[in-house]
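Structure first, commentary second.
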Amino acid sequence: MTLPAPLWQSHAPQGYVCPFCGLAAGDVSDPGNRCELSDVVHQGDELLVFMACDGFGPHEGHAMIVPVRHYEALYDLSDDLLGKIGAMSRDVAVAMKLAWNPEGTSVRQHNEPAGNQHVWHYHLHVFPRYRDDMLYRQIRHPVDVEVRAQKAQELSAALKQVLADRRPPGTGQGR
């Protein structure tokens with residue numbers, strides 16, 4: 001049986017150095033990488049959670065969830081990995097509620113240039129939300145490293161609590 005041609009092609013430019021792969025590997029030395037090690041909230045074998053380098057509007061502190069292994073877009077993810085990302089997005093949203101008590105949360109994800117993707121590694125945004133924050137009308141702006149580091153520490157502490165609460169008693173194992 002002949003398989004059909006792929007429905008999409010990579011949009012990563014020639015010689016692309018993935019900033020999220022660098023962060024997952026603990027190496028942010030590439031000049032094009034705006035991530036810092038202090039952005040990391042949580043890292044497991046399959047998933048990395050970190051504070052985004054950019055913010056939208058007056059409420060800093062949105063997080064990103066990425067697979068540790070490089071996948072460019074949603075189309076590349078297995079059902080199992082997609083399920084783990086979904087569960088982690090719930091846990092990060094709950095951790096945001098514990099850490100900052102936002103009035104709500106939102107998630108969003110983009111694929112390919114027309115879908116507004118600009119980093120060629122799958123990533124899911126998780127936002128703390130506030131009444132009248134006009135998140136989707138805001139222009140992206142850089143967030144100071146110190147602010148990201150503080151937010152990462154706060155969210156990390158809350159996420160550890162959320163993940164610990166999800167473990168079956170006495171097992172020490174996750175979900």
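How things are named: the first chain in the structure tokens is A, the next is B, and so on; residues count from 1 in each chain; ligands count from 1 in the order shown.
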Closest-contact table, range 77-163 of chain A side, partner range 48-67 of chain A, 7 Å, counting only C-alpha atoms, as CSV:
```
residue,atom,partner,partner_atom,distance
A:Tyr122,CA,A:Val66,CA,6.1
A:His123,CA,A:Val66,CA,4.7
A:Leu124,CA,A:Ile65,CA,5.1
A:His125,CA,A:Met64,CA,4.6
A:Val126,CA,A:Ala63,CA,5.2
A:Phe127,CA,A:His62,CA,4.6
A:Pro128,CA,A:His62,CA,6.4
A:Leu135,CA,A:Phe56,CA,6.3
A:Gln138,CA,A:Phe56,CA,5.4
A:Ile139,CA,A:Phe56,CA,6.0
A:Arg140,CA,A:Phe56,CA,5.0
A:His141,CA,A:Asp54,CA,5.2
A:Pro142,CA,A:Asp54,CA,4.3
A:Val143,CA,A:Asp54,CA,5.2
A:Arg148,CA,A:Met51,CA,6.0
A:Lys151,CA,A:Gly61,CA,6.0
A:Ala152,CA,A:Met51,CA,6.0
```
Name the residues in contact with range 96-102 of chain A at a cut-off of 7 Å, using only C-alpha atoms, excluding same-chain residues fewer than 4 positions from it; report them as a PDB file with N, CA and C atoms, in the first residue's frame.
```pdb
ATOM      1  N   VAL A  92      -1.616  22.812  35.125  1.00  0.00           N
ATOM      2  CA  VAL A  92      -1.029  24.158  35.117  1.00  0.00           C
ATOM      3  C   VAL A  92      -2.111  25.201  35.395  1.00  0.00           C
ATOM      4  N   PRO A 128      -3.379  32.892  32.677  1.00  0.00           N
ATOM      5  CA  PRO A 128      -4.293  33.320  33.742  1.00  0.00           C
ATOM      6  C   PRO A 128      -5.167  34.433  33.139  1.00  0.00           C
ATOM      7  N   ARG A 129      -6.444  34.435  33.473  1.00  0.00           N
ATOM      8  CA  ARG A 129      -7.345  35.421  32.861  1.00  0.00           C
ATOM      9  C   ARG A 129      -8.031  36.272  33.923  1.00  0.00           C
ATOM     10  N   TYR A 130      -8.316  37.515  33.526  1.00  0.00           N
ATOM     11  CA  TYR A 130      -8.958  38.473  34.399  1.00  0.00           C
ATOM     12  C   TYR A 130     -10.051  39.187  33.611  1.00  0.00           C
ATOM     13  N   GLU A 154       6.820  30.818  41.610  1.00  0.00           N
ATOM     14  CA  GLU A 154       5.481  30.769  42.197  1.00  0.00           C
ATOM     15  C   GLU A 154       4.654  29.640  41.582  1.00  0.00           C
ATOM     16  N   LEU A 155       4.687  29.553  40.259  1.00  0.00           N
ATOM     17  CA  LEU A 155       3.904  28.532  39.574  1.00  0.00           C
ATOM     18  C   LEU A 155       4.467  27.139  39.839  1.00  0.00           C
ATOM     19  N   ALA A 158       3.223  25.849  43.184  1.00  0.00           N
ATOM     20  CA  ALA A 158       1.812  25.471  43.104  1.00  0.00           C
ATOM     21  C   ALA A 158       1.631  24.202  42.283  1.00  0.00           C
TER      22      ALA A 158
END
```
Item to complete: Could you give me, as a PyMOL selection string, each residue of range 19-159 of chain A that DSSP assigns to alpha helix (DSSP H) when run on this structure's backbone?
Response: chain A and resi 19-24+79-100+145-159
Practice prompt. Determine, counting only C-alpha atoms, which protein, DNA and RNA residues have an atom within 12 Å of an atom of Glu46 in chain A; residues of the same chain fewer than 4 positions away are not included. Present the result as a list in words.
Written response: Cys21, Ala24, His42, Ile65, Val66, Pro67, Val68, Arg69, His70, Tyr71, Leu77, Asp80, Leu81, Leu82, Gly83, Lys84, Ile85 and Met88 of chain A
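With only C-alpha atoms as the basis for measurement, A:Cys35 is the residue among A:Val94, A:Ala25, A:Val107, A:Cys35 that approaches Val119 in chain A most closely.
Using only C-alpha atoms, the protein and nucleic acid residues lying no more than 8 Å from Pro19 in chain A, apart from those fewer than 4 places from it along its own chain, are A:Leu23, A:Val28, A:Asp30, A:Gly32, A:Asn33, A:Arg34, A:Cys35, A:Val119.
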